[in-house]
file entry36.cif (mmCIF, C-alpha atoms and all ligand atoms)
data_start
loop_
_atom_site.label_atom_id
_atom_site.label_comp_id
_atom_site.auth_asym_id
_atom_site.auth_seq_id
_atom_site.Cartn_x
_atom_site.Cartn_y
_atom_site.Cartn_z
CA MET A 1 -72.87 -40.16 -105.30
CA PRO A 2 -70.28 -42.83 -106.08
CA GLN A 3 -71.38 -46.48 -105.86
CA PRO A 4 -71.14 -47.87 -102.30
CA LYS A 5 -68.13 -50.16 -101.90
CA LYS A 6 -68.64 -53.91 -101.80
CA ILE A 7 -67.21 -55.91 -98.95
CA VAL A 8 -66.57 -59.62 -98.45
CA ILE A 9 -65.96 -60.84 -94.88
CA LEU A 10 -63.91 -63.99 -94.23
CA ILE A 11 -64.50 -65.89 -90.97
CA SER A 12 -63.54 -69.20 -89.37
CA GLY A 13 -65.64 -69.36 -86.21
CA ARG A 14 -67.78 -67.36 -83.82
CA GLY A 15 -67.88 -64.28 -85.99
CA SER A 16 -68.46 -61.65 -83.31
CA ASN A 17 -66.36 -59.13 -85.25
CA MET A 18 -68.44 -59.91 -88.34
CA GLU A 19 -71.57 -59.24 -86.24
CA ALA A 20 -70.14 -55.90 -85.11
CA LEU A 21 -69.58 -55.00 -88.77
CA LEU A 22 -73.09 -56.07 -89.79
CA ASP A 23 -74.60 -54.11 -86.89
CA ALA A 24 -72.63 -50.94 -87.62
CA LYS A 25 -74.78 -49.78 -90.55
CA LEU A 26 -71.67 -49.11 -92.61
CA PRO A 27 -71.90 -47.03 -95.80
CA CYS A 28 -71.08 -50.07 -97.95
CA GLN A 29 -72.65 -53.25 -99.25
CA ILE A 30 -71.75 -56.46 -97.38
CA ALA A 31 -71.77 -58.70 -100.46
CA ALA A 32 -70.98 -62.01 -98.73
CA VAL A 33 -69.56 -63.84 -95.72
CA VAL A 34 -67.17 -66.69 -96.60
CA SER A 35 -65.92 -69.32 -94.14
CA ASN A 36 -63.31 -72.06 -94.38
CA ARG A 37 -65.37 -74.08 -91.87
CA ALA A 38 -68.94 -75.25 -92.50
CA ASP A 39 -69.65 -75.18 -88.73
CA ALA A 40 -68.60 -71.55 -88.19
CA GLU A 41 -71.26 -70.04 -85.89
CA GLY A 42 -71.03 -66.74 -87.72
CA LEU A 43 -72.58 -68.24 -90.87
CA ASP A 44 -76.00 -68.59 -89.23
CA PHE A 45 -76.00 -64.98 -88.13
CA ALA A 46 -75.12 -63.82 -91.65
CA ARG A 47 -77.82 -66.04 -93.19
CA ALA A 48 -80.38 -64.67 -90.73
CA ARG A 49 -79.50 -61.19 -92.03
CA GLY A 50 -80.08 -62.32 -95.60
CA ILE A 51 -76.43 -62.01 -96.52
CA ALA A 52 -74.98 -64.43 -99.08
CA THR A 53 -72.69 -67.04 -97.52
CA ALA A 54 -70.18 -69.50 -98.96
CA VAL A 55 -68.10 -72.26 -97.41
CA LEU A 56 -64.80 -73.48 -98.78
CA SER A 57 -63.13 -76.09 -96.59
CA HIS A 58 -59.34 -75.94 -96.65
CA ARG A 59 -59.37 -79.70 -95.93
CA ASP A 60 -60.67 -80.34 -99.45
CA PHE A 61 -57.46 -78.98 -100.96
CA ALA A 62 -54.02 -80.56 -101.27
CA ASP A 63 -52.06 -77.45 -100.34
CA ARG A 64 -52.34 -73.77 -99.40
CA GLU A 65 -51.83 -72.61 -103.00
CA SER A 66 -54.80 -74.56 -104.36
CA PHE A 67 -57.03 -73.56 -101.41
CA ASP A 68 -56.12 -69.90 -101.83
CA ALA A 69 -56.69 -70.03 -105.60
CA ALA A 70 -60.18 -71.46 -105.06
CA LEU A 71 -60.86 -68.98 -102.25
CA ALA A 72 -59.88 -66.07 -104.49
CA GLN A 73 -62.26 -67.35 -107.17
CA VAL A 74 -65.16 -67.45 -104.70
CA VAL A 75 -64.31 -64.02 -103.29
CA ASP A 76 -63.83 -62.47 -106.74
CA GLY A 77 -67.28 -63.75 -107.67
CA TYR A 78 -68.63 -60.94 -105.44
CA SER A 79 -66.26 -58.34 -107.00
CA PRO A 80 -65.32 -56.81 -103.64
CA ASP A 81 -63.60 -53.46 -103.15
CA LEU A 82 -62.51 -54.61 -99.69
CA VAL A 83 -61.87 -58.07 -98.19
CA VAL A 84 -62.13 -58.18 -94.39
CA LEU A 85 -60.59 -60.98 -92.29
CA ALA A 86 -62.67 -61.35 -89.11
CA GLY A 87 -61.27 -64.20 -87.02
CA PHE A 88 -60.11 -65.94 -90.20
CA MET A 89 -57.60 -68.55 -89.04
CA ARG A 90 -55.78 -69.67 -92.20
CA ILE A 91 -52.47 -68.08 -93.14
CA LEU A 92 -52.78 -66.78 -96.70
CA THR A 93 -50.22 -67.31 -99.47
CA THR A 94 -48.27 -64.45 -101.02
CA GLY A 95 -50.21 -64.94 -104.27
CA PHE A 96 -53.57 -64.40 -102.54
CA VAL A 97 -52.33 -61.41 -100.54
CA LYS A 98 -50.83 -59.70 -103.62
CA HIS A 99 -54.04 -60.21 -105.60
CA TYR A 100 -55.86 -58.11 -102.94
CA ALA A 101 -53.05 -55.62 -102.23
CA GLY A 102 -54.45 -52.49 -100.58
CA ARG A 103 -57.94 -53.97 -100.18
CA LEU A 104 -57.34 -56.79 -97.66
CA ILE A 105 -57.46 -56.03 -93.92
CA ASN A 106 -57.29 -58.02 -90.68
CA ILE A 107 -58.01 -57.53 -87.01
CA HIS A 108 -55.45 -59.02 -84.66
CA PRO A 109 -55.78 -59.41 -80.87
CA SER A 110 -52.56 -57.66 -79.80
CA LEU A 111 -50.80 -54.32 -80.14
CA LEU A 112 -48.75 -55.26 -83.21
CA PRO A 113 -45.87 -55.66 -83.83
CA ALA A 114 -46.00 -57.33 -80.39
CA TYR A 115 -47.42 -60.85 -80.35
CA PRO A 116 -48.02 -61.78 -83.95
CA GLY A 117 -49.49 -65.25 -84.53
CA ILE A 118 -51.84 -67.10 -82.19
CA ASP A 119 -52.33 -67.38 -78.38
CA THR A 120 -51.61 -63.68 -77.99
CA HIS A 121 -53.37 -63.21 -74.62
CA GLU A 122 -51.62 -66.16 -73.01
CA ARG A 123 -48.22 -64.90 -74.12
CA ALA A 124 -49.02 -61.34 -73.00
CA LEU A 125 -49.87 -62.57 -69.50
CA GLN A 126 -46.74 -64.69 -69.34
CA ASP A 127 -44.63 -61.64 -70.15
CA GLY A 128 -46.35 -59.49 -67.51
CA ILE A 129 -47.05 -56.60 -69.87
CA LYS A 130 -49.42 -53.96 -68.46
CA ILE A 131 -50.98 -52.67 -71.66
CA HIS A 132 -52.40 -54.94 -74.35
CA GLY A 133 -54.92 -54.44 -77.13
CA CYS A 134 -55.87 -54.99 -80.74
CA THR A 135 -54.83 -53.82 -84.18
CA VAL A 136 -56.49 -53.40 -87.57
CA HIS A 137 -53.92 -53.61 -90.37
CA PHE A 138 -53.58 -54.12 -94.10
CA VAL A 139 -52.54 -57.69 -94.83
CA THR A 140 -49.16 -58.22 -96.49
CA PRO A 141 -47.24 -61.45 -97.12
CA HIS A 142 -45.37 -60.84 -93.82
CA LEU A 143 -47.82 -62.36 -91.31
CA ASP A 144 -49.32 -59.80 -88.90
CA HIS A 145 -46.82 -57.12 -90.00
CA GLY A 146 -48.85 -55.08 -92.49
CA PRO A 147 -49.38 -51.29 -92.25
CA ILE A 148 -51.47 -50.33 -89.20
CA ILE A 149 -54.79 -48.48 -89.56
CA ILE A 150 -55.99 -48.24 -85.93
CA GLN A 151 -55.20 -49.75 -82.54
CA ALA A 152 -56.96 -49.82 -79.17
CA ALA A 153 -55.15 -50.32 -75.85
CA VAL A 154 -56.57 -51.89 -72.69
CA PRO A 155 -55.04 -52.42 -69.26
CA VAL A 156 -53.88 -55.86 -68.17
CA LEU A 157 -55.24 -56.41 -64.64
CA ARG A 158 -53.66 -58.37 -61.79
CA ASP A 159 -56.14 -61.25 -61.80
CA ASP A 160 -56.56 -61.55 -65.56
CA THR A 161 -56.78 -64.93 -67.23
CA PRO A 162 -56.34 -65.34 -70.99
CA GLU A 163 -60.15 -65.45 -71.15
CA SER A 164 -60.82 -62.29 -69.15
CA LEU A 165 -58.16 -60.43 -71.09
CA ALA A 166 -59.55 -61.71 -74.41
CA THR A 167 -63.00 -60.42 -73.43
CA ARG A 168 -61.64 -56.94 -72.63
CA VAL A 169 -59.70 -56.83 -75.91
CA LEU A 170 -62.63 -58.19 -77.94
CA HIS A 171 -64.89 -55.40 -76.68
CA GLU A 172 -62.48 -52.90 -78.25
CA GLU A 173 -62.13 -54.98 -81.42
CA HIS A 174 -65.86 -54.50 -81.91
CA ARG A 175 -65.34 -50.72 -81.77
CA ILE A 176 -62.25 -50.28 -83.93
CA TYR A 177 -63.09 -52.69 -86.77
CA PRO A 178 -66.30 -50.91 -87.85
CA GLN A 179 -64.44 -47.59 -87.54
CA ALA A 180 -61.60 -48.79 -89.80
CA VAL A 181 -64.00 -50.19 -92.40
CA ARG A 182 -66.03 -46.94 -92.34
CA TRP A 183 -62.89 -44.88 -93.02
CA LEU A 184 -61.89 -47.16 -95.90
CA CYS A 185 -65.40 -47.13 -97.39
CA GLN A 186 -65.46 -43.34 -97.28
CA ASN A 187 -61.97 -43.07 -98.82
CA GLN A 188 -60.73 -41.28 -95.69
CA VAL A 189 -57.96 -43.85 -95.19
CA TRP A 190 -55.99 -45.75 -97.85
CA LEU A 191 -52.72 -47.54 -98.54
CA ASP A 192 -50.42 -45.18 -100.45
CA GLY A 193 -47.87 -46.04 -103.14
CA ASN A 194 -45.11 -46.46 -100.54
CA GLY A 195 -47.08 -49.07 -98.59
CA ARG A 196 -47.98 -46.60 -95.82
CA VAL A 197 -51.39 -45.85 -94.38
CA ALA A 198 -52.50 -42.39 -95.49
CA SER A 199 -55.46 -40.39 -94.23
CA ASP A 200 -57.21 -37.10 -94.85
CA ARG A 201 -59.04 -37.08 -91.54
CA LEU A 202 -58.52 -33.82 -89.71
CA GLU A 203 -59.13 -34.89 -86.14
CA GLN A 204 -56.34 -36.69 -84.29
CA LEU A 205 -57.92 -37.41 -80.94
CA GLY A 206 -56.85 -39.82 -78.21
CA SER A 207 -55.65 -39.99 -74.66
CA THR A 208 -53.01 -41.68 -72.54
CA LEU A 209 -53.72 -45.07 -70.97
CA PHE A 210 -51.82 -45.77 -67.73
CA ALA A 211 -51.79 -49.29 -66.30
CA PRO A 212 -51.82 -49.47 -63.32
CA GLY A 213 -53.19 -45.93 -63.13
CA LEU A 214 -51.21 -43.05 -61.63
CA GLU A 215 -52.16 -42.04 -58.04
N1 LIG A 301 -52.05 -64.08 -94.13
C1 LIG A 301 -51.04 -63.28 -94.43
N2 LIG A 301 -50.31 -63.59 -95.50
N3 LIG A 301 -50.70 -62.19 -93.70
C2 LIG A 301 -51.41 -61.90 -92.60
O1 LIG A 301 -51.06 -60.83 -91.89
C3 LIG A 301 -52.49 -62.73 -92.20
C4 LIG A 301 -52.78 -63.84 -93.01
C5 LIG A 301 -53.83 -64.71 -92.68
C6 LIG A 301 -54.54 -64.51 -91.51
C7 LIG A 301 -54.91 -63.35 -89.38
C8 LIG A 301 -53.87 -63.70 -88.31
C9 LIG A 301 -54.21 -63.10 -86.95
O2 LIG A 301 -54.87 -62.06 -86.87
C10 LIG A 301 -54.23 -63.44 -90.69
C11 LIG A 301 -53.23 -62.53 -91.03
C12 LIG A 301 -53.98 -67.48 -88.45
C13 LIG A 301 -52.70 -67.82 -88.07
C14 LIG A 301 -52.26 -69.27 -88.01
O3 LIG A 301 -51.21 -69.59 -87.46
C15 LIG A 301 -51.80 -66.81 -87.76
C16 LIG A 301 -52.21 -65.49 -87.85
C17 LIG A 301 -53.51 -65.15 -88.25
C18 LIG A 301 -54.39 -66.16 -88.55
N4 LIG A 301 -53.04 -70.20 -88.62
C19 LIG A 301 -52.75 -71.63 -88.68
C20 LIG A 301 -52.40 -72.05 -90.13
O4 LIG A 301 -51.72 -73.06 -90.26
C21 LIG A 301 -53.94 -72.44 -88.26
C22 LIG A 301 -54.33 -72.17 -86.84
C23 LIG A 301 -55.71 -72.72 -86.49
O5 LIG A 301 -56.42 -73.23 -87.37
O6 LIG A 301 -56.07 -72.57 -85.30
O7 LIG A 301 -52.85 -71.38 -91.09
O8 LIG A 301 -53.73 -63.63 -85.92
C1 LIG A 302 -60.80 -62.17 -82.40
O1 LIG A 302 -60.26 -61.87 -81.14
C2 LIG A 302 -59.79 -61.90 -83.47
O2 LIG A 302 -59.01 -60.76 -83.21
C3 LIG A 302 -58.94 -63.12 -83.38
O3 LIG A 302 -59.81 -64.20 -83.12
C4 LIG A 302 -61.01 -63.70 -82.54
C5 LIG A 302 -62.14 -64.01 -83.47
O4 LIG A 302 -63.36 -63.71 -82.85
N1 LIG A 302 -58.23 -63.36 -84.57
C6 LIG A 302 -57.19 -64.14 -84.59
O5 LIG A 302 -56.68 -64.60 -83.58
C7 LIG A 302 -56.66 -64.44 -85.97
N2 LIG A 302 -55.57 -65.33 -85.82
P1 LIG A 302 -64.68 -63.58 -83.70
O6 LIG A 302 -64.76 -64.80 -84.60
O7 LIG A 302 -65.76 -63.61 -82.67
O8 LIG A 302 -64.63 -62.30 -84.47
#
call {"tool": "encode", "arguments": {"input": "entry36.cif", "output": "structure tokens"}}
result
Amino acid sequence: MPQPKKIVILISGRGSNMEALLDAKLPCQIAAVVSNRADAEGLDFARARGIATAVLSHRDFADRESFDAALAQVVDGYSPDLVVLAGFMRILTTGFVKHYAGRLINIHPSLLPAYPGIDTHERALQDGIKIHGCTVHFVTPHLDHGPIIIQAAVPVLRDDTPESLATRVLHEEHRIYPQAVRWLCQNQVWLDGNGRVASDRLEQLGSTLFAPGLE
């Protein structure tokens, strides 16, 4: 048996995606949870599970380069095979992203490449789109444009608010993020030399989502 992969999770707040990962009994070692905010709710949950935590406040650094350099030092202290952004809210410099090329992933609350950036649910409702969702992708220097590993689609309903839509999307985030990490830990999915997501999984299952549904 090869050594289980080591994972570091980066958070900024609530940490519900981190919780989903900790609850998923993944075939890997969660080495640490690192936050850029000391008051991130997710830190308490990780501590209660006996997982190492670290806080590095971006406010203590003069610029993004120095914050990212210090962050990389903390993260590298756990020698991770995979670094997982879970509601991490700081844009990362090219230097940081390149250092973790092929082993840095993010979950984003939209069907990328639609709605990169923040306030995705509000913008989706403004545009009147009928199908929305979430995306797990490798992180590249081009914000929210890295190679896609898995997506989940949900309907947008007539009376949705940004909050109700966020809740529906978040439910699916909690399903696809553990799945993506499991594939990566088991070497069933990887980033190939051409910057594309490759996979040796045989099944290709799925079904059509109509919104509103057909009569
Ligand atoms: N860094 C790089 N280089 N590439 C990506 O794809 C990244 C990234 C860092 C974070 C997560 C991303 C998301 O899923 C992510 C992907 C924060 C912002 C942002 O504007 C945008 C996208 C993401 C995360 N952050 C503001 C900033 O100035 C701060 C906003 C705040 O604190 O509320 O860094 O959406
Ligand atoms: C999630 O919806 C995640 O996709 C999103 O923030 C939420 C974090 O929730 N990420 C971003 O918007 C990154 N810019 P969580 O802290 O409970 O996992």
call {"tool": "axis_aligned_box", "arguments": {"input": "entry36.cif", "around": "ligand LIG 302 (chain A)", "padding_each_side": "8 Å", "output": "lines of an AutoDock Vina configuration file"}}
result
center_x = -60.7
center_y = -63.0
center_z = -83.6
size_x = 26.2
size_y = 20.6
size_z = 20.8
call {"tool": "closest_atom_pairs", "arguments": {"input": "entry36.cif", "of": "chain A", "to": "ligand LIG 301 (chain A)", "cutoff": "7 Å", "atoms": "only C-alpha atoms and all ligand atoms", "output": "tab-separated table"}}
result
residue	atom	partner	partner_atom	distance
A:Leu85	CA	A:LIG301	C7	6.8
A:Gly87	CA	A:LIG301	O2	6.7
A:Phe88	CA	A:LIG301	C7	5.9
A:Met89	CA	A:LIG301	C12	3.8
A:Arg90	CA	A:LIG301	O7	3.6
A:Ile91	CA	A:LIG301	C5	3.7
A:Leu92	CA	A:LIG301	N1	3.8
A:Thr93	CA	A:LIG301	N2	5.4
A:Thr94	CA	A:LIG301	N2	5.9
A:Val97	CA	A:LIG301	N2	5.9
A:Asn106	CA	A:LIG301	C7	6.0
A:Ile107	CA	A:LIG301	O2	5.5
A:His108	CA	A:LIG301	O2	3.8
A:Pro109	CA	A:LIG301	O2	6.6
A:Pro116	CA	A:LIG301	O8	6.3
A:Gly117	CA	A:LIG301	C15	4.3
A:Ile118	CA	A:LIG301	O8	5.4
A:Val139	CA	A:LIG301	O1	4.5
A:Thr140	CA	A:LIG301	N3	5.1
A:Pro141	CA	A:LIG301	N2	4.1
A:His142	CA	A:LIG301	N3	5.5
A:Leu143	CA	A:LIG301	O1	3.6
A:Asp144	CA	A:LIG301	O1	3.6
A:His145	CA	A:LIG301	O1	5.9
A:Gly146	CA	A:LIG301	O1	6.2
call {"tool": "closest_residue", "arguments": {"input": "entry36.cif", "among": "A:Gln3, A:Gln29, A:Gln73, A:Ser164", "to": "Ala52 of chain A", "atoms": "all atoms listed in the file"}}
result
A:Gln29
call {"tool": "closest_residue", "arguments": {"input": "entry36.cif", "among": "A:His121, A:Arg182, A:Lys98, A:Arg37", "to": "Leu10 of chain A", "atoms": "only C-alpha atoms"}}
result
A:Arg37
call {"tool": "closest_residue", "arguments": {"input": "entry36.cif", "among": "A:Pro147, A:Pro162, A:Gly128, A:Gly213", "to": "ligand LIG 302 (chain A)", "atoms": "all atoms listed in the file"}}
result
A:Pro162
call {"tool": "closest_residue", "arguments": {"input": "entry36.cif", "among": "A:His174, A:Lys25, A:His132, A:Arg59", "to": "Pro113 of chain A", "atoms": "all atoms listed in the file"}}
result
A:His132
call {"tool": "residues_around", "arguments": {"input": "entry36.cif", "residues": "Glu172 of chain A", "least_positions_apart": "6", "cutoff": "12 Å", "atoms": "all atoms listed in the file", "output": "ChimeraX atom specification"}}
result
/A:16-17,20,107-111,132-136,150-155,165-166,178-179
call {"tool": "closest_residue", "arguments": {"input": "entry36.cif", "among": "A:Thr161, A:Ala101, A:Val156, A:Arg64", "to": "Ala211 of chain A", "atoms": "only C-alpha atoms"}}
result
A:Val156
call {"tool": "atom_distance", "arguments": {"input": "entry36.cif", "atom1": "atom CA of Phe138 of chain A", "atom2": "atom CA of Leu104 of chain A"}}
result
5.8 Å
call {"tool": "residues_around", "arguments": {"input": "entry36.cif", "residues": "Ala69 of chain A", "least_positions_apart": "6", "cutoff": "10 Å", "atoms": "only C-alpha atoms", "output": "ChimeraX atom specification"}}
result
/A:75,93,95-96
call {"tool": "residues_near_point", "arguments": {"input": "entry36.cif", "point": "(-68.9, -60.6, -96.1)", "cutoff": "9 Å", "atoms": "all atoms listed in the file", "output": "JSON, numbers by chain"}}
result
{"A": [6, 7, 8, 9, 10, 11, 18, 22, 29, 30, 31, 32, 33, 34, 46, 51, 52, 53, 83, 84]}
call {"tool": "closest_residue", "arguments": {"input": "entry36.cif", "among": "A:Gly77, A:Ala114, A:Gly42, A:Ala198", "to": "Ile131 of chain A", "atoms": "all atoms listed in the file"}}
result
A:Ala114
